file coords-v9.pdb (PDB, C-alpha atoms and all ligand atoms)
ATOM      1  CA  MET Z   1     102.082  52.710 152.180
ATOM      2  CA  ASP Z   2     100.423  56.035 153.134
ATOM      3  CA  ILE Z   3     101.992  58.755 150.980
ATOM      4  CA  ASN Z   4     100.993  61.467 153.461
ATOM      5  CA  VAL Z   5     103.020  59.783 156.208
ATOM      6  CA  ILE Z   6     106.096  59.701 153.925
ATOM      7  CA  ILE Z   7     105.504  63.340 152.908
ATOM      8  CA  GLU Z   8     105.657  64.415 156.569
ATOM      9  CA  ILE Z   9     108.899  62.439 157.057
ATOM     10  CA  VAL Z  10     110.404  64.219 154.009
ATOM     11  CA  ARG Z  11     109.209  67.598 155.344
ATOM     12  CA  GLU Z  12     111.030  66.897 158.645
ATOM     13  CA  ALA Z  13     114.185  65.953 156.699
ATOM     14  CA  GLY Z  14     113.805  69.264 154.859
ATOM     15  CA  GLU Z  15     114.182  71.114 158.159
ATOM     16  CA  ILE Z  16     117.538  69.380 158.701
ATOM     17  CA  LEU Z  17     118.678  70.595 155.264
ATOM     18  CA  LYS Z  18     117.347  74.156 155.657
ATOM     19  CA  SER Z  19     118.885  74.652 159.124
ATOM     20  CA  ALA Z  20     122.249  73.053 158.255
ATOM     21  CA  HIS Z  21     125.464  74.987 158.890
ATOM     22  CA  LEU Z  22     128.037  73.126 156.791
ATOM     23  CA  GLN Z  23     131.695  73.180 157.933
ATOM     24  CA  LYS Z  24     134.652  72.590 155.575
ATOM     25  CA  ASP Z  25     135.639  69.372 157.384
ATOM     26  CA  GLN Z  26     132.153  67.981 156.703
ATOM     27  CA  ILE Z  27     132.764  67.819 152.912
ATOM     28  CA  PHE Z  28     134.232  64.648 151.403
ATOM     29  CA  ASP Z  29     135.335  63.633 147.881
ATOM     30  CA  LYS Z  30     133.542  60.885 145.955
ATOM     31  CA  GLU Z  31     134.649  59.048 142.842
ATOM     32  CA  GLY Z  32     135.302  61.320 139.806
ATOM     33  CA  ASP Z  33     136.068  65.028 139.316
ATOM     34  CA  ALA Z  34     134.175  67.587 141.433
ATOM     35  CA  ASN Z  35     131.991  64.868 142.984
ATOM     36  CA  PHE Z  36     131.203  65.480 146.670
ATOM     37  CA  VAL Z  37     129.209  64.205 149.646
ATOM     38  CA  THR Z  38     128.669  66.090 152.899
ATOM     39  CA  ALA Z  39     127.922  64.949 156.443
ATOM     40  CA  PHE Z  40     124.383  66.294 155.894
ATOM     41  CA  ASP Z  41     123.767  64.056 152.837
ATOM     42  CA  MET Z  42     124.587  61.064 155.074
ATOM     43  CA  LYS Z  43     122.654  62.442 158.097
ATOM     44  CA  ILE Z  44     119.486  63.087 156.064
ATOM     45  CA  GLN Z  45     119.628  59.688 154.319
ATOM     46  CA  LYS Z  46     120.042  57.951 157.721
ATOM     47  CA  PHE Z  47     117.098  59.970 159.115
ATOM     48  CA  LEU Z  48     114.859  59.068 156.143
ATOM     49  CA  ILE Z  49     115.695  55.352 156.255
ATOM     50  CA  GLU Z  50     115.155  55.110 160.042
ATOM     51  CA  LYS Z  51     111.846  56.991 159.912
ATOM     52  CA  ILE Z  52     110.541  55.033 156.901
ATOM     53  CA  LEU Z  53     111.471  51.701 158.543
ATOM     54  CA  GLU Z  54     109.326  52.712 161.550
ATOM     55  CA  VAL Z  55     106.226  52.876 159.307
ATOM     56  CA  ASP Z  56     107.262  50.250 156.712
ATOM     57  CA  PRO Z  57     109.560  47.644 158.345
ATOM     58  CA  SER Z  58     109.779  45.602 155.116
ATOM     59  CA  ALA Z  59     110.963  48.571 153.031
ATOM     60  CA  SER Z  60     113.945  48.304 150.651
ATOM     61  CA  PHE Z  61     116.210  51.246 149.863
ATOM     62  CA  TYR Z  62     118.139  52.524 146.822
ATOM     63  CA  GLY Z  63     119.832  55.604 148.276
ATOM     64  CA  GLU Z  64     122.688  57.717 146.882
ATOM     65  CA  GLU Z  65     124.998  57.400 149.873
ATOM     66  CA  GLU Z  66     126.641  54.183 151.057
ATOM     67  CA  SER Z  67     125.200  52.805 154.320
ATOM     68  CA  ALA Z  68     124.559  49.368 155.836
ATOM     69  CA  ASP Z  69     120.770  49.443 155.396
ATOM     70  CA  ASN Z  70     121.009  50.830 151.836
ATOM     71  CA  LYS Z  71     121.166  47.782 149.546
ATOM     72  CA  LYS Z  72     120.760  49.806 146.333
ATOM     73  CA  GLU Z  73     118.378  47.092 145.040
ATOM     74  CA  ILE Z  74     114.870  47.384 143.643
ATOM     75  CA  SER Z  75     112.530  44.963 145.445
ATOM     76  CA  SER Z  76     110.347  42.719 143.243
ATOM     77  CA  THR Z  77     107.968  41.949 146.124
ATOM     78  CA  GLY Z  78     107.422  45.207 148.043
ATOM     79  CA  TYR Z  79     108.170  48.930 148.275
ATOM     80  CA  THR Z  80     111.579  50.389 147.410
ATOM     81  CA  TYR Z  81     112.406  53.961 148.472
ATOM     82  CA  ILE Z  82     114.805  55.547 145.943
ATOM     83  CA  ILE Z  83     116.392  58.348 147.957
ATOM     84  CA  ASP Z  84     118.492  61.389 147.106
ATOM     85  CA  PRO Z  85     118.997  62.990 150.547
ATOM     86  CA  ILE Z  86     120.308  66.244 149.027
ATOM     87  CA  ASP Z  87     119.872  66.642 145.279
ATOM     88  CA  GLY Z  88     122.111  69.553 144.398
ATOM     89  CA  THR Z  89     124.921  68.766 146.843
ATOM     90  CA  THR Z  90     127.377  71.140 145.178
ATOM     91  CA  ASN Z  91     124.735  73.892 145.345
ATOM     92  CA  PHE Z  92     124.325  73.128 149.079
ATOM     93  CA  MET Z  93     128.102  73.390 149.609
ATOM     94  CA  PHE Z  94     128.040  76.931 148.193
ATOM     95  CA  ASP Z  95     124.811  77.952 149.965
ATOM     96  CA  TYR Z  96     122.928  78.298 146.659
ATOM     97  CA  LYS Z  97     119.634  77.415 148.445
ATOM     98  CA  THR Z  98     118.713  75.409 145.319
ATOM     99  CA  SER Z  99     118.707  71.854 146.635
ATOM    100  CA  CYS Z 100     115.954  69.411 147.516
ATOM    101  CA  ILE Z 101     115.116  65.998 148.928
ATOM    102  CA  SER Z 102     113.896  63.459 146.375
ATOM    103  CA  VAL Z 103     112.163  60.193 147.310
ATOM    104  CA  GLY Z 104     110.874  57.936 144.565
ATOM    105  CA  ILE Z 105     108.749  54.954 145.619
ATOM    106  CA  ALA Z 106     108.655  51.789 143.488
ATOM    107  CA  TYR Z 107     106.237  48.908 144.129
ATOM    108  CA  LYS Z 108     107.179  45.426 142.931
ATOM    109  CA  GLY Z 109     109.796  46.963 140.605
ATOM    110  CA  SER Z 110     107.671  49.692 138.943
ATOM    111  CA  MET Z 111     107.547  53.375 139.832
ATOM    112  CA  TYR Z 112     104.446  54.061 141.970
ATOM    113  CA  ALA Z 113     104.929  57.432 143.668
ATOM    114  CA  GLY Z 114     107.306  60.386 144.001
ATOM    115  CA  ILE Z 115     108.049  63.237 146.440
ATOM    116  CA  ILE Z 116     110.370  66.213 145.790
ATOM    117  CA  TYR Z 117     110.690  68.807 148.575
ATOM    118  CA  ASN Z 118     112.614  72.076 148.287
ATOM    119  CA  PRO Z 119     112.619  73.372 151.887
ATOM    120  CA  TYR Z 120     114.153  76.742 150.952
ATOM    121  CA  VAL Z 121     110.966  77.744 149.111
ATOM    122  CA  ASP Z 122     108.704  75.228 150.911
ATOM    123  CA  THR Z 123     107.512  73.538 147.684
ATOM    124  CA  MET Z 124     106.322  69.967 148.211
ATOM    125  CA  PHE Z 125     105.723  68.076 144.964
ATOM    126  CA  HIS Z 126     104.113  64.648 145.117
ATOM    127  CA  ALA Z 127     102.377  62.190 142.849
ATOM    128  CA  VAL Z 128     100.878  58.692 143.087
ATOM    129  CA  ARG Z 129     100.265  56.509 140.024
ATOM    130  CA  ASN Z 130      96.756  57.168 138.613
ATOM    131  CA  GLU Z 131      96.024  59.677 141.414
ATOM    132  CA  GLY Z 132      97.564  62.794 139.884
ATOM    133  CA  SER Z 133     100.463  65.168 140.530
ATOM    134  CA  TYR Z 134     100.445  68.027 143.075
ATOM    135  CA  VAL Z 135     102.514  70.904 144.380
ATOM    136  CA  ASN Z 136     101.559  71.955 147.925
ATOM    137  CA  ASN Z 137      98.318  70.021 147.275
ATOM    138  CA  ARG Z 138      97.471  72.032 144.127
ATOM    139  CA  ARG Z 139      96.712  69.637 141.215
ATOM    140  CA  LEU Z 140      99.131  69.912 138.270
ATOM    141  CA  THR Z 141      98.070  69.435 134.623
ATOM    142  CA  LEU Z 142     100.548  70.315 131.906
ATOM    143  CA  GLU Z 143      99.915  72.569 128.891
ATOM    144  CA  ASN Z 144     101.511  70.817 125.888
ATOM    145  CA  LYS Z 145     103.736  73.749 124.930
ATOM    146  CA  GLY Z 146     106.710  73.518 122.539
ATOM    147  CA  LEU Z 147     110.323  74.688 122.898
ATOM    148  CA  ALA Z 148     109.515  78.085 121.374
ATOM    149  CA  ASP Z 149     106.957  78.801 124.105
ATOM    150  CA  GLY Z 150     108.987  77.895 127.166
ATOM    151  CA  ILE Z 151     112.240  77.595 129.121
ATOM    152  CA  SER Z 152     114.616  74.710 128.334
ATOM    153  CA  ALA Z 153     116.919  73.309 131.002
ATOM    154  CA  PHE Z 154     119.836  70.900 131.056
ATOM    155  CA  GLY Z 155     122.229  69.395 133.562
ATOM    156  CA  CYS Z 156     125.888  68.478 133.427
ATOM    157  CA  ALA Z 157     128.540  67.295 135.848
ATOM    158  CA  ARG Z 158     132.334  67.172 135.641
ATOM    159  CA  TYR Z 159     132.252  63.537 136.810
ATOM    160  CA  ASN Z 160     129.887  62.523 134.001
ATOM    161  CA  GLU Z 161     131.853  63.682 130.977
ATOM    162  CA  ASP Z 162     130.184  61.151 128.658
ATOM    163  CA  SER Z 163     128.672  62.820 125.581
ATOM    164  CA  THR Z 164     129.678  66.334 126.728
ATOM    165  CA  ASP Z 165     130.233  67.375 123.084
ATOM    166  CA  LEU Z 166     126.746  66.172 122.110
ATOM    167  CA  LEU Z 167     125.285  67.906 125.195
ATOM    168  CA  PHE Z 168     126.753  71.341 124.440
ATOM    169  CA  ALA Z 169     126.189  71.049 120.660
ATOM    170  CA  THR Z 170     122.513  70.411 121.446
ATOM    171  CA  VAL Z 171     122.355  73.244 123.994
ATOM    172  CA  LYS Z 172     123.730  75.621 121.310
ATOM    173  CA  LYS Z 173     121.012  74.543 118.838
ATOM    174  CA  LEU Z 174     118.399  74.726 121.608
ATOM    175  CA  PHE Z 175     119.481  78.326 122.364
ATOM    176  CA  TYR Z 176     117.966  79.480 119.052
ATOM    177  CA  LYS Z 177     114.782  77.372 119.404
ATOM    178  CA  THR Z 178     113.584  78.259 122.920
ATOM    179  CA  LEU Z 179     112.789  81.345 125.045
ATOM    180  CA  ALA Z 180     115.681  80.806 127.502
ATOM    181  CA  ILE Z 181     118.194  78.204 128.700
ATOM    182  CA  ARG Z 182     118.651  77.283 132.380
ATOM    183  CA  SER Z 183     120.849  74.858 134.372
ATOM    184  CA  CYS Z 184     120.237  74.975 138.143
ATOM    185  CA  GLY Z 185     122.433  72.103 139.377
ATOM    186  CA  SER Z 186     119.609  69.916 140.699
ATOM    187  CA  ALA Z 187     118.018  67.407 138.328
ATOM    188  CA  ALA Z 188     115.103  66.787 140.714
ATOM    189  CA  ILE Z 189     114.260  70.506 140.941
ATOM    190  CA  GLU Z 190     114.428  70.830 137.117
ATOM    191  CA  LEU Z 191     112.134  67.785 136.710
ATOM    192  CA  ALA Z 192     109.619  69.175 139.245
ATOM    193  CA  ARG Z 193     109.705  72.448 137.283
ATOM    194  CA  ILE Z 194     108.458  70.553 134.231
ATOM    195  CA  ALA Z 195     105.428  69.315 136.189
ATOM    196  CA  ASN Z 196     104.417  72.860 137.245
ATOM    197  CA  GLY Z 197     105.076  74.297 133.783
ATOM    198  CA  SER Z 198     108.214  76.329 134.621
ATOM    199  CA  ASN Z 199     110.392  74.200 132.297
ATOM    200  CA  ALA Z 200     109.176  72.960 128.909
ATOM    201  CA  VAL Z 201     112.010  70.432 128.732
ATOM    202  CA  TYR Z 202     115.070  69.110 130.631
ATOM    203  CA  PHE Z 203     117.881  66.753 129.630
ATOM    204  CA  GLU Z 204     121.105  65.343 131.038
ATOM    205  CA  MET Z 205     123.441  62.723 129.572
ATOM    206  CA  LEU Z 206     123.839  60.557 132.672
ATOM    207  CA  LEU Z 207     121.951  60.517 135.974
ATOM    208  CA  GLN Z 208     121.264  57.960 138.679
ATOM    209  CA  PRO Z 209     117.817  56.601 139.683
ATOM    210  CA  TYR Z 210     117.772  58.673 142.897
ATOM    211  CA  ASP Z 211     118.125  61.864 140.765
ATOM    212  CA  TYR Z 212     115.028  61.161 138.593
ATOM    213  CA  ALA Z 213     112.775  58.384 140.031
ATOM    214  CA  ALA Z 214     110.478  60.715 141.981
ATOM    215  CA  GLY Z 215     110.426  63.288 139.180
ATOM    216  CA  ALA Z 216     109.383  60.622 136.672
ATOM    217  CA  VAL Z 217     106.042  59.920 138.429
ATOM    218  CA  ILE Z 218     105.449  63.626 139.191
ATOM    219  CA  ILE Z 219     105.910  64.534 135.488
ATOM    220  CA  GLU Z 220     103.917  61.610 134.026
ATOM    221  CA  GLU Z 221     100.975  62.163 136.402
ATOM    222  CA  ALA Z 222     100.936  65.846 135.299
ATOM    223  CA  GLY Z 223     100.708  64.746 131.646
ATOM    224  CA  GLY Z 224     104.373  65.034 130.626
ATOM    225  CA  VAL Z 225     106.876  62.458 129.380
ATOM    226  CA  ILE Z 226     110.286  61.178 130.526
ATOM    227  CA  THR Z 227     112.569  58.818 128.582
ATOM    228  CA  GLN Z 228     116.241  58.331 127.835
ATOM    229  CA  ILE Z 229     117.629  60.732 125.177
ATOM    230  CA  ASP Z 230     117.031  58.091 122.455
ATOM    231  CA  GLY Z 231     113.390  57.709 123.481
ATOM    232  CA  SER Z 232     113.841  54.357 125.234
ATOM    233  CA  PRO Z 233     112.318  53.812 128.722
ATOM    234  CA  ILE Z 234     114.236  55.036 131.793
ATOM    235  CA  THR Z 235     115.812  52.467 134.139
ATOM    236  CA  ILE Z 236     115.435  52.520 137.928
ATOM    237  CA  ASP Z 237     117.954  49.763 138.770
ATOM    238  CA  LYS Z 238     120.870  51.627 137.173
ATOM    239  CA  GLY Z 239     121.694  55.074 135.783
ATOM    240  CA  CYS Z 240     120.728  56.376 132.341
ATOM    241  CA  SER Z 241     120.336  59.544 130.274
ATOM    242  CA  ILE Z 242     117.213  61.660 130.850
ATOM    243  CA  LEU Z 243     115.002  63.668 128.502
ATOM    244  CA  ALA Z 244     111.789  64.963 130.016
ATOM    245  CA  GLY Z 245     109.208  67.583 129.190
ATOM    246  CA  THR Z 246     105.862  68.248 127.620
ATOM    247  CA  LYS Z 247     105.105  65.738 124.843
ATOM    248  CA  LYS Z 248     105.673  68.425 122.173
ATOM    249  CA  ALA Z 249     108.893  69.941 123.585
ATOM    250  CA  ALA Z 250     110.403  66.517 124.330
ATOM    251  CA  GLU Z 251     109.778  65.384 120.750
ATOM    252  CA  GLU Z 252     111.330  68.604 119.386
ATOM    253  CA  LEU Z 253     114.407  68.198 121.606
ATOM    254  CA  ARG Z 254     114.847  64.558 120.622
ATOM    255  CA  LYS Z 255     114.959  65.671 116.965
ATOM    256  CA  LEU Z 256     117.614  68.298 117.838
ATOM    257  CA  LEU Z 257     119.697  65.618 119.570
ATOM    258  CA  ASP Z 258     119.395  63.367 116.502
ATOM    259  CA  GLU Z 259     120.555  66.248 114.269
ATOM    260  CA  CYS Z 260     123.569  66.852 116.567
ATOM    261  CA  ARG Z 261     124.418  63.163 116.838
ATOM    262  CA  VAL Z 262     125.206  62.673 113.109
TER     263      VAL Z 262
HETATM  264  C1  LIG U 301     123.246  66.179 140.945
HETATM  265  C2  LIG U 301     122.154  66.374 139.948
HETATM  266  C3  LIG U 301     122.609  67.319 138.844
HETATM  267  C4  LIG U 301     123.664  66.695 138.135
HETATM  268  C5  LIG U 301     124.759  66.313 139.043
HETATM  269  C6  LIG U 301     124.313  65.511 140.251
HETATM  270  P1  LIG U 301     123.555  65.360 143.424
HETATM  271  O1  LIG U 301     122.835  65.345 141.973
HETATM  272  O2  LIG U 301     121.089  66.915 140.573
HETATM  273  O3  LIG U 301     121.603  67.542 137.918
HETATM  274  O4  LIG U 301     124.138  67.552 137.131
HETATM  275  O5  LIG U 301     125.509  65.471 138.301
HETATM  276  O6  LIG U 301     123.885  64.243 139.823
HETATM  277  O7  LIG U 301     124.901  64.683 143.231
HETATM  278  O8  LIG U 301     123.711  66.757 143.820
HETATM  279  O9  LIG U 301     122.636  64.557 144.288
END
call {"tool": "encode", "arguments": {"input": "coords-v9.pdb", "output": "structure tokens", "more": "lines below"}}
Ligand code: LIP
result
Amino acid sequence: MDINVIIEIVREAGEILKSAHLQKDQIFDKEGDANFVTAFDMKIQKFLIEKILEVDPSASFYGEEESADNKKEISSTGYTYIIDPIDGTTNFMFDYKTSCISVGIAYKGSMYAGIIYNPYVDTMFHAVRNEGSYVNNRRLTLENKGLADGISAFGCARYNEDSTDLLFATVKKLFYKTLAIRSCGSAAIELARIANGSNAVYFEMLLQPYDYAAGAVIIEEAGGVITQIDGSPITIDKGCSILAGTKKAAEELRKLLDECRV
């Protein structure tokens, strides 16, 4: 698997997203409140799968959108591409220009590489295990700052109402412990922002592997951490909670969550 070949495929998919003119009849409901998919989510996922199969015919896929060649299984023998064709779909629907393409790559069941591309600002994040983390080919190494020295971000969705009280109780406590609070509507963009030092920390109560798989490698290779909110390892074969950040800020936030949980 040549990461540079996959990066160029993702860059091409980014042009589809950036030049998209979404019509009302191209928006469809998914399961749960305020949960949507657009024709462009499906078009970009189809494009990515077809292009990746050209260079890696034995590839497996765990993509967000339902399609015949998307088995949503993690291969134990080869590469699995964990694809979010448009992370920040609701943002895309309202022309927020804060959406990205996220492709995590697992090898024999473990995360190996990650790519997050925001075509609106042309930022291409990528990382390969033990080879470092980069944005537009600039190497990323994290400063281990705490909550008080940075921006804290969180995510929430109407269709994931689990633990909403704990989420907002923690955000209220966080408000007094950090420089500023942000919530941009794209988990992958928030995770990439940890790797380049824009966010000190990010958390969300429930996400799916395609929201965080790529970000996990990009953060860890930059020197940050990513776990579930209780500190346990993340899962890539099913959804889980996410807490990511610098080592110091993540530890501080986990303590805040514990205080709010009692
Ligand atoms: C979105 C995430 C966001 C989260 C939403 C949703 P999508 O991904 O990026 O952080 O709050 O629940 O999961 O659905 O736009 O690909």
call {"tool": "residues_around", "arguments": {"input": "coords-v9.pdb", "residues": "region 192-195 of chain Z", "least_positions_apart": "5", "cutoff": "6 Å", "atoms": "all atoms listed in the file", "output": "PyMOL selection string"}}
result
chain Z and resi 200+215+219+222+245
call {"tool": "resolve_selection", "arguments": {"input": "coords-v9.pdb", "expression": "the PyMOL selection byres (((chain Z and resi 163) around 12) and not hetatm)", "output": "list in words"}}
result
Cys156, Ala157, Arg158, Tyr159, Asn160, Glu161, Asp162, Thr164, Asp165, Leu166, Leu167, Phe168, Ala169, Thr170, Glu204, Met205, Leu206, Ile229, Ser241, Leu257, Cys260 and Arg261 of chain Z
call {"tool": "closest_residue", "arguments": {"input": "coords-v9.pdb", "among": "Z:Glu66, Z:Asp25, Z:Asp33, Z:Asp87", "to": "ligand LIG 301 (chain U)", "atoms": "all atoms listed in the file"}}
result
Z:Asp87
call {"tool": "residues_near_ligand", "arguments": {"input": "coords-v9.pdb", "ligand": "ligand LIG 301 (chain U)", "cutoff": "8 Å", "atoms": "all atoms listed in the file", "output": "PDB file with C-alpha atoms, keeping the file's coordinate frame"}}
result
ATOM      1  CA  ASN Z  35     131.991  64.868 142.984  1.00  0.00           C
ATOM      2  CA  PHE Z  36     131.203  65.480 146.670  1.00  0.00           C
ATOM      3  CA  VAL Z  37     129.209  64.205 149.646  1.00  0.00           C
ATOM      4  CA  GLU Z  64     122.688  57.717 146.882  1.00  0.00           C
ATOM      5  CA  ASP Z  84     118.492  61.389 147.106  1.00  0.00           C
ATOM      6  CA  PRO Z  85     118.997  62.990 150.547  1.00  0.00           C
ATOM      7  CA  ILE Z  86     120.308  66.244 149.027  1.00  0.00           C
ATOM      8  CA  ASP Z  87     119.872  66.642 145.279  1.00  0.00           C
ATOM      9  CA  GLY Z  88     122.111  69.553 144.398  1.00  0.00           C
ATOM     10  CA  THR Z  89     124.921  68.766 146.843  1.00  0.00           C
ATOM     11  CA  THR Z  90     127.377  71.140 145.178  1.00  0.00           C
ATOM     12  CA  ASN Z  91     124.735  73.892 145.345  1.00  0.00           C
ATOM     13  CA  SER Z  99     118.707  71.854 146.635  1.00  0.00           C
ATOM     14  CA  PHE Z 154     119.836  70.900 131.056  1.00  0.00           C
ATOM     15  CA  GLY Z 155     122.229  69.395 133.562  1.00  0.00           C
ATOM     16  CA  CYS Z 156     125.888  68.478 133.427  1.00  0.00           C
ATOM     17  CA  ALA Z 157     128.540  67.295 135.848  1.00  0.00           C
ATOM     18  CA  ARG Z 158     132.334  67.172 135.641  1.00  0.00           C
ATOM     19  CA  TYR Z 159     132.252  63.537 136.810  1.00  0.00           C
ATOM     20  CA  ASN Z 160     129.887  62.523 134.001  1.00  0.00           C
ATOM     21  CA  CYS Z 184     120.237  74.975 138.143  1.00  0.00           C
ATOM     22  CA  GLY Z 185     122.433  72.103 139.377  1.00  0.00           C
ATOM     23  CA  SER Z 186     119.609  69.916 140.699  1.00  0.00           C
ATOM     24  CA  ALA Z 187     118.018  67.407 138.328  1.00  0.00           C
ATOM     25  CA  ALA Z 188     115.103  66.787 140.714  1.00  0.00           C
ATOM     26  CA  ILE Z 189     114.260  70.506 140.941  1.00  0.00           C
ATOM     27  CA  GLU Z 190     114.428  70.830 137.117  1.00  0.00           C
ATOM     28  CA  GLU Z 204     121.105  65.343 131.038  1.00  0.00           C
ATOM     29  CA  LEU Z 206     123.839  60.557 132.672  1.00  0.00           C
ATOM     30  CA  LEU Z 207     121.951  60.517 135.974  1.00  0.00           C
ATOM     31  CA  GLN Z 208     121.264  57.960 138.679  1.00  0.00           C
ATOM     32  CA  TYR Z 210     117.772  58.673 142.897  1.00  0.00           C
ATOM     33  CA  ASP Z 211     118.125  61.864 140.765  1.00  0.00           C
TER      34      ASP Z 211
END
call {"tool": "closest_residue", "arguments": {"input": "coords-v9.pdb", "among": "Z:Met42, Z:Ala250, Z:Val10, Z:Ala153", "to": "Ile116 (chain Z)", "atoms": "only C-alpha atoms"}}
result
Z:Val10
call {"tool": "residues_around", "arguments": {"input": "coords-v9.pdb", "residues": "Asn144 (chain Z)", "least_positions_apart": "6", "cutoff": "9 Å", "atoms": "all atoms listed in the file", "output": "list in words"}}
result
Ala200, Gly223, Gly224, Gly245, Thr246, Lys247, Lys248 and Ala249 of chain Z
call {"tool": "closest_atom_pairs", "arguments": {"input": "coords-v9.pdb", "of": "region 52-122 of chain Z", "to": "region 131-139 of chain Z", "cutoff": "10 Å", "atoms": "all atoms listed in the file", "output": "JSON lines"}}
result
{"residue": "Z:Ala113", "atom": "CA", "partner": "Z:Glu131", "partner_atom": "CA", "distance": 9.5}
{"residue": "Z:Gly114", "atom": "CA", "partner": "Z:Ser133", "partner_atom": "CA", "distance": 9.0}
{"residue": "Z:Ile115", "atom": "CA", "partner": "Z:Tyr134", "partner_atom": "CA", "distance": 9.6}
{"residue": "Z:Ile116", "atom": "CA", "partner": "Z:Val135", "partner_atom": "CA", "distance": 9.3}
{"residue": "Z:Tyr117", "atom": "CA", "partner": "Z:Val135", "partner_atom": "CA", "distance": 9.4}
{"residue": "Z:Asp122", "atom": "CA", "partner": "Z:Asn136", "partner_atom": "CA", "distance": 8.4}
call {"tool": "closest_atom_pairs", "arguments": {"input": "coords-v9.pdb", "of": "region 60-109 of chain Z", "to": "region 3-8 of chain Z", "cutoff": "12 Å", "atoms": "only C-alpha atoms", "output": "CSV"}}
result
residue,atom,partner,partner_atom,distance
Z:Tyr79,CA,Z:Ile3,CA,11.9
Z:Tyr81,CA,Z:Ile6,CA,10.1
Z:Ile83,CA,Z:Ile6,CA,12.0
Z:Ile101,CA,Z:Ile7,CA,10.7
Z:Ser102,CA,Z:Ile7,CA,10.6
Z:Val103,CA,Z:Ile6,CA,9.0
Z:Gly104,CA,Z:Ile6,CA,10.7
Z:Ile105,CA,Z:Ile3,CA,9.4
call {"tool": "atom_distance", "arguments": {"input": "coords-v9.pdb", "atom1": "CA of Glu15 (chain Z)", "atom2": "CA of Ala59 (chain Z)"}}
result
23.3 Å
